[in-house]
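Notes follow once the structure below has been shown.
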Amino acid sequence: MEKMRSKTFNLMLYPEEDKSHLKALEYIRANYDYAAICHNSDTFEEDTTINDVVHKKGELKKAHYHVVLKFKNAKWSTALASELEIAENYIEVAHDLKRSLLYLIHYYDEDKYQYSVDDVEGTLKRRLKETISNEGKTESEKVMDIFKEIDKCEFKIDFTIFVKHIAEIGYWDVLRRSSSLILRYLDLHNSNYKI
């Protein structure tokens with residue numbers, strides 16, 4: 001397998017069948033920024049033969065975990081495989097973190113079983129929820145959402161808390177591009193409150 005370097009990776013693990021995968025999943029849970037889900041309702045989309053075993057269309061696939069990892073610094077896939085003590089073929093670079101997170105629940109694959117966000121575990125679950133809530137919204141809709149966030153406060157809003165909140169709900173890009181308009185709106189809101 002080709003050696004790859006990235007800050008984000010996708011993994012597929014079979015912890016019910018492979019003890020090294022179970023150990024890797026436990027290590028991920030304790031040490032990494034991740035999102036994971038057990039796909040236990042996936043079915044074969046067509047008749048398929050794997051290792052001389054015929055699987056019929058609609059038959060359940062083996063339960064497996066999809067895992068998305070995110071690191072602060074780029075890491076080699078070989079080093080990750082070594083650290084997790086699994087074969088490299090269970091690891092691939094995640095070229096688009098958003099799409100990788102959405103794949104966990106088959107967001108774009110309506111023909112596949114639709115998993116719930118509640119089935120996802122890990123530190124990146126919040127990021128997945130933000131991605132879903134922002135998916136398909138225009139910039140105008142996002143700006144209006146920010147205005148609604150301001151309007152629902154019945155007190156003066158601290159600037160640093162406001163900026164952190166907007167980033168947490170996934171609208172940092174909109175705040176950055178429309179900051180003068182949004183901050184003017186925030187100032188107008190704050191002018192109505194003394195404290």
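Quick note on naming: the chains in the structure tokens go A, B, ... in the order shown, residues restart at 1 in each chain, and ligands are numbered from 1 in order of appearance.
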Backbone-only DSSP, strand (DSSP E) members of range 34-157 of chain A, as a list in words: Tyr34, Ala35, Ala36, Ile37, Cys38, His39, Thr48, Thr49, Ile50, Val53, Val54, His55, His64, Tyr65, His66, Val67, Val68, Leu69, Lys70, Phe71, Lys72, Asn73, Ala74, Lys75, Trp76, Ile91, Glu92 and Val93 of chain A
Distance query Ile166 in chain A at most 9 Å, only C-alpha atoms, self and fewer than 4 positions along chain excluded, as a compact mmCIF listing (two decimals) with C-alpha atoms, in the first residue's frame:
```txt
# COMPACT_ATOMS: atom_id res chain seq x y z
CA ILE A 146 -26.86 34.45 13.14
CA GLU A 149 -29.05 33.92 17.59
CA ILE A 161 -18.47 34.60 23.80
CA PHE A 162 -20.50 35.49 20.70
CA GLY A 170 -20.47 26.10 12.33
CA TYR A 171 -20.93 29.64 11.00
CA TRP A 172 -17.38 30.94 11.34
CA LEU A 175 -19.03 35.61 10.31
```
Among range 11-84 of chain A, which residues does DSSP mark as alpha helix (DSSP H) when it is run on the backbone? Keep the chain and numbering as in the structure and answer as a ChimeraX atom specification. /A:19-31,77-84
Those selected residues, please, written with all heavy atoms and delivered as a short mmCIF file (atom, residue, chain, number, x, y, z; two decimals), in the first residue's frame.
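The resulting file, again-v6.cif, is reproduced below:
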```cif
data_model
loop_
_atom_site.label_atom_id
_atom_site.label_comp_id
_atom_site.auth_asym_id
_atom_site.auth_seq_id
_atom_site.Cartn_x
_atom_site.Cartn_y
_atom_site.Cartn_z
N LYS A 19 -9.49 -9.22 16.95
CA LYS A 19 -9.15 -8.64 18.26
C LYS A 19 -8.24 -7.43 18.12
O LYS A 19 -8.31 -6.51 18.94
CB LYS A 19 -8.51 -9.71 19.15
CG LYS A 19 -9.49 -10.78 19.59
CD LYS A 19 -8.93 -11.61 20.71
CE LYS A 19 -9.78 -12.79 21.07
NZ LYS A 19 -11.16 -12.51 21.34
N SER A 20 -7.41 -7.39 17.08
CA SER A 20 -6.54 -6.22 16.88
C SER A 20 -7.38 -5.00 16.53
O SER A 20 -7.05 -3.87 16.90
CB SER A 20 -5.48 -6.48 15.81
OG SER A 20 -6.07 -6.60 14.53
N HIS A 21 -8.50 -5.21 15.84
CA HIS A 21 -9.40 -4.10 15.51
C HIS A 21 -10.13 -3.60 16.77
O HIS A 21 -10.34 -2.40 16.93
CB HIS A 21 -10.42 -4.52 14.46
CG HIS A 21 -9.82 -4.66 13.10
ND1 HIS A 21 -10.57 -4.57 11.96
CD2 HIS A 21 -8.55 -4.88 12.68
CE1 HIS A 21 -9.80 -4.73 10.89
NE2 HIS A 21 -8.56 -4.93 11.33
N LEU A 22 -10.51 -4.52 17.64
CA LEU A 22 -11.14 -4.14 18.90
C LEU A 22 -10.17 -3.32 19.75
O LEU A 22 -10.52 -2.28 20.30
CB LEU A 22 -11.60 -5.38 19.67
CG LEU A 22 -12.24 -5.13 21.04
CD1 LEU A 22 -13.48 -4.26 20.92
CD2 LEU A 22 -12.57 -6.45 21.73
N LYS A 23 -8.93 -3.78 19.79
CA LYS A 23 -7.89 -3.07 20.55
C LYS A 23 -7.64 -1.68 19.93
O LYS A 23 -7.50 -0.69 20.65
CB LYS A 23 -6.60 -3.90 20.54
CG LYS A 23 -5.50 -3.35 21.39
CD LYS A 23 -4.29 -4.29 21.36
CE LYS A 23 -3.12 -3.66 22.07
NZ LYS A 23 -1.91 -4.48 21.96
N ALA A 24 -7.63 -1.60 18.61
CA ALA A 24 -7.43 -0.32 17.92
C ALA A 24 -8.58 0.63 18.22
O ALA A 24 -8.36 1.82 18.48
CB ALA A 24 -7.30 -0.54 16.41
N LEU A 25 -9.81 0.13 18.21
CA LEU A 25 -10.97 0.96 18.50
C LEU A 25 -10.92 1.49 19.93
O LEU A 25 -11.21 2.67 20.18
CB LEU A 25 -12.26 0.17 18.26
CG LEU A 25 -13.57 0.94 18.26
CD1 LEU A 25 -13.56 2.08 17.25
CD2 LEU A 25 -14.73 0.00 17.98
N GLU A 26 -10.52 0.67 20.87
CA GLU A 26 -10.38 1.11 22.26
C GLU A 26 -9.30 2.19 22.37
O GLU A 26 -9.46 3.17 23.10
CB GLU A 26 -10.06 -0.08 23.16
CG GLU A 26 -11.24 -1.02 23.33
CD GLU A 26 -10.88 -2.34 24.00
OE1 GLU A 26 -9.68 -2.58 24.29
OE2 GLU A 26 -11.81 -3.14 24.24
N TYR A 27 -8.20 2.00 21.64
CA TYR A 27 -7.10 2.99 21.66
C TYR A 27 -7.57 4.32 21.07
O TYR A 27 -7.28 5.39 21.60
CB TYR A 27 -5.91 2.44 20.88
CG TYR A 27 -4.68 3.32 20.99
CD1 TYR A 27 -3.82 3.21 22.07
CD2 TYR A 27 -4.40 4.28 20.02
CE1 TYR A 27 -2.70 4.02 22.18
CE2 TYR A 27 -3.30 5.11 20.12
CZ TYR A 27 -2.44 4.97 21.21
OH TYR A 27 -1.35 5.79 21.31
N ILE A 28 -8.32 4.26 19.97
CA ILE A 28 -8.86 5.46 19.32
C ILE A 28 -9.76 6.21 20.30
O ILE A 28 -9.65 7.43 20.45
CB ILE A 28 -9.64 5.08 18.04
CG1 ILE A 28 -8.66 4.65 16.94
CG2 ILE A 28 -10.52 6.23 17.56
CD1 ILE A 28 -9.31 3.93 15.77
N ARG A 29 -10.64 5.49 20.97
CA ARG A 29 -11.58 6.12 21.91
C ARG A 29 -10.85 6.85 23.04
O ARG A 29 -11.30 7.88 23.51
CB ARG A 29 -12.51 5.06 22.51
CG ARG A 29 -13.55 4.57 21.54
CD ARG A 29 -14.35 3.43 22.12
NE ARG A 29 -15.48 3.07 21.27
CZ ARG A 29 -15.93 1.84 21.14
NH1 ARG A 29 -15.38 0.83 21.80
NH2 ARG A 29 -16.95 1.59 20.33
N ALA A 30 -9.71 6.33 23.45
CA ALA A 30 -8.98 6.91 24.58
C ALA A 30 -8.01 8.02 24.17
O ALA A 30 -7.66 8.85 25.00
CB ALA A 30 -8.21 5.81 25.30
N ASN A 31 -7.61 8.06 22.88
CA ASN A 31 -6.49 8.93 22.52
C ASN A 31 -6.69 9.89 21.36
O ASN A 31 -5.87 10.80 21.20
CB ASN A 31 -5.26 8.06 22.19
CG ASN A 31 -4.80 7.27 23.38
OD1 ASN A 31 -4.23 7.82 24.30
ND2 ASN A 31 -5.06 5.96 23.37
N SER A 77 0.32 7.39 7.19
CA SER A 77 -0.60 6.26 7.32
C SER A 77 0.12 5.04 7.90
O SER A 77 -0.46 4.29 8.68
CB SER A 77 -1.22 5.92 5.97
OG SER A 77 -0.22 5.62 5.02
N THR A 78 1.38 4.87 7.53
CA THR A 78 2.16 3.73 8.04
C THR A 78 2.37 3.85 9.55
O THR A 78 2.28 2.86 10.28
CB THR A 78 3.52 3.62 7.33
OG1 THR A 78 4.16 4.92 7.38
CG2 THR A 78 3.37 3.19 5.89
N ALA A 79 2.63 5.08 10.01
CA ALA A 79 2.81 5.30 11.45
C ALA A 79 1.50 5.06 12.20
O ALA A 79 1.49 4.49 13.29
CB ALA A 79 3.32 6.72 11.71
N LEU A 80 0.38 5.49 11.61
CA LEU A 80 -0.93 5.28 12.22
C LEU A 80 -1.23 3.79 12.31
O LEU A 80 -1.67 3.30 13.35
CB LEU A 80 -2.02 6.01 11.42
CG LEU A 80 -3.45 5.86 11.92
CD1 LEU A 80 -3.60 6.37 13.36
CD2 LEU A 80 -4.41 6.59 10.99
N ALA A 81 -0.98 3.06 11.23
CA ALA A 81 -1.22 1.61 11.23
C ALA A 81 -0.37 0.92 12.29
O ALA A 81 -0.85 0.04 13.01
CB ALA A 81 -0.92 1.03 9.85
N SER A 82 0.87 1.35 12.41
CA SER A 82 1.77 0.79 13.41
C SER A 82 1.30 1.10 14.82
O SER A 82 1.29 0.23 15.70
CB SER A 82 3.18 1.34 13.18
OG SER A 82 4.06 0.86 14.17
N GLU A 83 0.88 2.33 15.04
CA GLU A 83 0.40 2.76 16.35
C GLU A 83 -0.85 1.98 16.76
O GLU A 83 -1.02 1.60 17.92
CB GLU A 83 0.10 4.25 16.31
CG GLU A 83 -0.07 4.91 17.65
CD GLU A 83 -0.13 6.43 17.53
OE1 GLU A 83 0.74 7.03 16.87
OE2 GLU A 83 -1.07 7.00 18.10
N LEU A 84 -1.74 1.75 15.80
CA LEU A 84 -2.99 1.03 16.07
C LEU A 84 -2.84 -0.48 15.97
O LEU A 84 -3.77 -1.23 16.31
CB LEU A 84 -4.09 1.50 15.11
CG LEU A 84 -4.54 2.95 15.26
CD1 LEU A 84 -5.54 3.31 14.17
CD2 LEU A 84 -5.14 3.19 16.64
#
```
**Message:** Excluding Lys112 in chain A and its own-chain neighbours fewer than 2 positions away, which residues fall within 9 Å of it when counting only C-alpha atoms? Please give them as an MDAnalysis selection string.
**Reply:** chainID A and resid 42:43 45 106 109:110 114
All heavy atoms of the current selection, written as a compact mmCIF listing (two decimals), in the first residue's frame:
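The resulting selection08.txt:
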```
# COMPACT_ATOMS: atom_id res chain seq x y z
N ASP A 42 -26.11 -2.60 7.09
CA ASP A 42 -25.76 -2.49 5.67
C ASP A 42 -26.08 -3.81 4.96
O ASP A 42 -25.91 -4.89 5.53
CB ASP A 42 -24.27 -2.19 5.48
CG ASP A 42 -23.89 -0.79 5.91
OD1 ASP A 42 -24.79 -0.02 6.29
OD2 ASP A 42 -22.69 -0.47 5.86
N THR A 43 -26.56 -3.69 3.73
CA THR A 43 -26.86 -4.88 2.93
C THR A 43 -26.11 -4.83 1.61
O THR A 43 -25.68 -3.76 1.16
CB THR A 43 -28.37 -4.98 2.64
OG1 THR A 43 -28.79 -3.79 1.96
CG2 THR A 43 -29.17 -5.16 3.92
N GLU A 45 -25.77 -4.59 -2.22
CA GLU A 45 -26.60 -3.92 -3.21
C GLU A 45 -26.83 -4.78 -4.45
O GLU A 45 -27.72 -4.50 -5.25
CB GLU A 45 -25.96 -2.59 -3.59
CG GLU A 45 -25.92 -1.63 -2.40
CD GLU A 45 -25.13 -0.36 -2.68
OE1 GLU A 45 -24.82 -0.08 -3.86
OE2 GLU A 45 -24.82 0.35 -1.71
N HIS A 106 -24.57 7.75 6.11
CA HIS A 106 -25.04 7.60 4.72
C HIS A 106 -25.88 8.80 4.28
O HIS A 106 -26.89 8.64 3.59
CB HIS A 106 -25.83 6.31 4.52
CG HIS A 106 -25.00 5.08 4.61
ND1 HIS A 106 -25.53 3.86 4.99
CD2 HIS A 106 -23.68 4.84 4.38
CE1 HIS A 106 -24.58 2.94 4.99
NE2 HIS A 106 -23.44 3.52 4.63
N ASP A 109 -26.28 8.99 0.60
CA ASP A 109 -26.59 7.71 -0.03
C ASP A 109 -27.98 7.24 0.39
O ASP A 109 -28.13 6.37 1.25
CB ASP A 109 -25.54 6.66 0.37
CG ASP A 109 -24.16 7.02 -0.11
OD1 ASP A 109 -24.03 7.35 -1.30
OD2 ASP A 109 -23.21 6.99 0.70
N GLU A 110 -28.99 7.81 -0.23
CA GLU A 110 -30.37 7.51 0.15
C GLU A 110 -30.76 6.05 -0.08
O GLU A 110 -31.70 5.56 0.54
CB GLU A 110 -31.32 8.44 -0.60
CG GLU A 110 -31.19 9.89 -0.18
CD GLU A 110 -32.07 10.82 -0.99
OE1 GLU A 110 -32.93 10.34 -1.75
OE2 GLU A 110 -31.89 12.05 -0.84
N GLN A 114 -30.15 4.32 6.41
CA GLN A 114 -29.91 5.64 6.99
C GLN A 114 -29.71 5.50 8.50
O GLN A 114 -30.65 5.21 9.23
CB GLN A 114 -31.07 6.58 6.69
CG GLN A 114 -31.29 6.82 5.21
CD GLN A 114 -30.12 7.57 4.57
OE1 GLN A 114 -29.86 8.72 4.91
NE2 GLN A 114 -29.41 6.91 3.68
```
query = Contacts of Glu139 in chain A at 10 Å or less, counting only C-alpha atoms, minus same-chain residues fewer than 6 places along, as a list in words?
reply = Asp145, Tyr171, Asp173, Val174, Arg177 and Ser178 of chain A
Between CA of Glu168 in chain A and CA of Lys129 in chain A, measure the distance and give it in Å to one decimal.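 CA of Glu168 in chain A sits 10.6 Å away from CA of Lys129 in chain A.
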One residue among A:Glu17, A:Asp33, A:Asp158, A:Asp119 is nearest to Tyr193 in chain A when using only C-alpha atoms, and that residue is A:Asp158
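Near Tyr32 in chain A, within 9 Å and counting only C-alpha atoms, sit Tyr27, Ile28, Leu69, Lys70, Phe71, Gly122 and Thr123 of chain A; same-chain residues fewer than 4 positions away were not included.
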Between CA of Asp118 in chain A and CA of Glu141 in chain A lies a distance of 25.8 Å
Item to check | From A:Gly58, A:Leu188, A:Thr48, A:Ser6, residue lying nearest Asp111 in chain A [only C-alpha atoms] | outcome: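 For Asp111 in chain A, the nearest of the candidates is A:Gly58.
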So how many Å separate CA of Tyr115 in chain A and CA of Asn89 in chain A, to one decimal?
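Those two atoms sit 24.7 Å apart.
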My list of candidates is A:Tyr107, A:Tyr113, A:Tyr185, A:Trp76. Which is closest to Leu60 in chain A when distances are computed with only C-alpha atoms?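 Ranking A:Tyr107, A:Tyr113, A:Tyr185, A:Trp76 by distance to Leu60 in chain A, first place goes to A:Tyr113.
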